[in-house]
Amino acid sequence: MDKKKFRNYEKRPCKFIMRNGNAIFGVIWENNLNKESCYFFTSNREFEEKVLNKNQITGYPVNLADIIHAELVF
């Protein structure tokens, strides 16, 4: 998935279909570390808790090229 298309799904709970066929549910966001864009994944619950408590958000690194489809989950 390219960055422009990903902007519609960033920091929102989604179902992501990965290149290997796995479906994951959670939130992916961009973090600019060392002037380089990095993307991370975590569950929606963990993301909301960290945002409410204003803690640093930690997650698993993910490559946008590995995402072939995304759907918003409400």
# chains A, B, ... in the order shown; residues from 1 in each chain; ligands from 1
call {"tool": "residues_around", "arguments": {"residues": "Asn20 of chain A", "least_positions_apart": "3", "cutoff": "12 Å", "atoms": "only C-alpha atoms", "output": "number ranges by chain"}}
result
A: 16-17, 23-24, 65-69
call {"tool": "write_last_selection", "arguments": {"atoms": "N, CA and C atoms", "output": "PDB file, in the first residue's frame"}}
result
ATOM      1  N   PHE A  16      -6.423  -5.306   8.455  1.00  0.00           N
ATOM      2  CA  PHE A  16      -5.401  -5.242   7.420  1.00  0.00           C
ATOM      3  C   PHE A  16      -5.160  -6.638   6.868  1.00  0.00           C
ATOM      4  N   ILE A  17      -5.147  -6.771   5.554  1.00  0.00           N
ATOM      5  CA  ILE A  17      -4.787  -8.024   4.900  1.00  0.00           C
ATOM      6  C   ILE A  17      -3.341  -7.886   4.440  1.00  0.00           C
ATOM      7  N   ALA A  23      -4.739 -11.873   8.169  1.00  0.00           N
ATOM      8  CA  ALA A  23      -5.533 -10.686   8.493  1.00  0.00           C
ATOM      9  C   ALA A  23      -5.194 -10.279   9.915  1.00  0.00           C
ATOM     10  N   ILE A  24      -4.898  -9.004  10.113  1.00  0.00           N
ATOM     11  CA  ILE A  24      -4.619  -8.500  11.454  1.00  0.00           C
ATOM     12  C   ILE A  24      -5.560  -7.350  11.745  1.00  0.00           C
ATOM     13  N   ALA A  65       4.472  -1.841   2.356  1.00  0.00           N
ATOM     14  CA  ALA A  65       4.461  -2.658   1.137  1.00  0.00           C
ATOM     15  C   ALA A  65       3.877  -4.050   1.394  1.00  0.00           C
ATOM     16  N   ASP A  66       3.849  -4.483   2.651  1.00  0.00           N
ATOM     17  CA  ASP A  66       3.297  -5.793   2.996  1.00  0.00           C
ATOM     18  C   ASP A  66       1.778  -5.771   3.150  1.00  0.00           C
ATOM     19  N   ILE A  67       1.168  -4.589   3.154  1.00  0.00           N
ATOM     20  CA  ILE A  67      -0.292  -4.470   3.293  1.00  0.00           C
ATOM     21  C   ILE A  67      -0.905  -4.404   1.905  1.00  0.00           C
ATOM     22  N   ILE A  68      -1.825  -5.329   1.611  1.00  0.00           N
ATOM     23  CA  ILE A  68      -2.456  -5.318   0.290  1.00  0.00           C
ATOM     24  C   ILE A  68      -3.892  -4.800   0.339  1.00  0.00           C
ATOM     25  N   HIS A  69      -4.511  -4.777   1.547  1.00  0.00           N
ATOM     26  CA  HIS A  69      -5.884  -4.293   1.658  1.00  0.00           C
ATOM     27  C   HIS A  69      -6.129  -3.821   3.097  1.00  0.00           C
TER      28      HIS A  69
END
call {"tool": "residues_around", "arguments": {"residues": "Lys3 of chain A", "least_positions_apart": "4", "cutoff": "10 Å", "atoms": "only C-alpha atoms", "output": "PDB file with C-alpha atoms, in the first residue's frame"}}
result
ATOM      1  CA  ARG A   7      -3.373   8.149   5.186  1.00  0.00           C
ATOM      2  CA  ASN A   8      -7.092   7.178   5.149  1.00  0.00           C
ATOM      3  CA  GLU A  10      -3.663   5.827   9.860  1.00  0.00           C
ATOM      4  CA  GLU A  30       3.621   6.663  11.341  1.00  0.00           C
ATOM      5  CA  LEU A  64       3.443  -0.628   4.194  1.00  0.00           C
ATOM      6  CA  ALA A  65       4.461  -2.658   1.137  1.00  0.00           C
TER       7      ALA A  65
END
call {"tool": "closest_residue", "arguments": {"among": "A:Leu72, A:Arg12, A:Asn63, A:Asn32", "to": "Phe47 of chain A", "atoms": "only C-alpha atoms"}}
result
A:Arg12
call {"tool": "atom_distance", "arguments": {"atom1": "atom CA of Leu52 of chain A", "atom2": "atom CA of Lys5 of chain A"}}
result
26.8 Å
call {"tool": "closest_residue", "arguments": {"among": "A:Ile28, A:Tyr60, A:Glu49, A:Leu33", "to": "Cys14 of chain A", "atoms": "only C-alpha atoms"}}
result
A:Ile28
call {"tool": "select_by_dssp", "arguments": {"residues": "chain A", "states": "strand (DSSP E or B)", "output": "ChimeraX atom specification"}}
result
/A:14-18,23-33,36-42,60-62,67-72
call {"tool": "select_by_dssp", "arguments": {"residues": "chain A", "states": "alpha helix (DSSP H)", "output": "VMD selection string"}}
result
chain A and resid 3 to 6 44 to 52
call {"tool": "residues_around", "arguments": {"residues": "Gly59 of chain A", "least_positions_apart": "6", "cutoff": "12 Å", "atoms": "only C-alpha atoms", "output": "mmCIF file with N, CA and C atoms, in the first residue's frame"}}
result
data_model
loop_
_atom_site.group_PDB
_atom_site.id
_atom_site.type_symbol
_atom_site.label_atom_id
_atom_site.label_comp_id
_atom_site.auth_asym_id
_atom_site.auth_seq_id
_atom_site.Cartn_x
_atom_site.Cartn_y
_atom_site.Cartn_z
ATOM 1 N N GLY A 26 -6.157 -3.982 14.162
ATOM 2 C CA GLY A 26 -5.478 -3.057 15.054
ATOM 3 C C GLY A 26 -5.285 -1.705 14.407
ATOM 4 N N VAL A 27 -4.260 -1.010 14.871
ATOM 5 C CA VAL A 27 -3.978 0.360 14.444
ATOM 6 C C VAL A 27 -2.534 0.428 13.958
ATOM 7 N N ILE A 28 -2.324 1.113 12.855
ATOM 8 C CA ILE A 28 -0.979 1.378 12.343
ATOM 9 C C ILE A 28 -0.805 2.888 12.280
ATOM 10 N N TRP A 29 0.349 3.353 12.720
ATOM 11 C CA TRP A 29 0.627 4.787 12.694
ATOM 12 C C TRP A 29 2.058 5.025 12.242
ATOM 13 N N GLU A 30 2.295 6.267 11.799
ATOM 14 C CA GLU A 30 3.621 6.663 11.341
ATOM 15 C C GLU A 30 4.370 7.332 12.479
ATOM 16 N N ASN A 31 5.643 7.008 12.585
ATOM 17 C CA ASN A 31 6.506 7.627 13.572
ATOM 18 C C ASN A 31 7.778 8.034 12.847
ATOM 19 N N CYS A 38 8.766 5.568 9.796
ATOM 20 C CA CYS A 38 8.631 4.185 10.233
ATOM 21 C C CYS A 38 7.164 3.975 10.607
ATOM 22 N N TYR A 39 6.655 2.789 10.369
ATOM 23 C CA TYR A 39 5.269 2.478 10.690
ATOM 24 C C TYR A 39 5.230 1.363 11.719
ATOM 25 N N PHE A 40 4.285 1.490 12.663
ATOM 26 C CA PHE A 40 4.160 0.530 13.741
ATOM 27 C C PHE A 40 2.720 0.079 13.882
ATOM 28 N N PHE A 41 2.552 -1.152 14.405
ATOM 29 C CA PHE A 41 1.242 -1.761 14.598
ATOM 30 C C PHE A 41 1.052 -2.126 16.064
ATOM 31 N N THR A 42 -0.174 -1.929 16.563
ATOM 32 C CA THR A 42 -0.569 -2.394 17.887
ATOM 33 C C THR A 42 -2.074 -2.631 17.885
ATOM 34 N N SER A 43 -2.568 -3.276 18.914
ATOM 35 C CA SER A 43 -4.010 -3.506 18.999
ATOM 36 C C SER A 43 -4.725 -2.181 19.263
ATOM 37 N N ASN A 44 -5.976 -2.135 18.910
ATOM 38 C CA ASN A 44 -6.758 -0.922 19.111
ATOM 39 C C ASN A 44 -6.845 -0.572 20.593
ATOM 40 N N GLU A 46 -4.755 -1.270 23.113
ATOM 41 C CA GLU A 46 -3.486 -0.728 23.593
ATOM 42 C C GLU A 46 -3.258 0.687 23.080
ATOM 43 N N PHE A 47 -3.598 0.930 21.832
ATOM 44 C CA PHE A 47 -3.424 2.256 21.240
ATOM 45 C C PHE A 47 -4.265 3.290 21.988
ATOM 46 N N LYS A 50 -2.893 4.006 25.584
ATOM 47 C CA LYS A 50 -1.675 4.823 25.575
ATOM 48 C C LYS A 50 -1.978 6.273 25.216
#
call {"tool": "atom_distance", "arguments": {"atom1": "atom CA of Arg45 of chain A", "atom2": "atom CA of Arg19 of chain A"}}
result
24.3 Å
call {"tool": "atom_distance", "arguments": {"atom1": "atom CA of Val62 of chain A", "atom2": "atom CA of Met1 of chain A"}}
result
11.6 Å
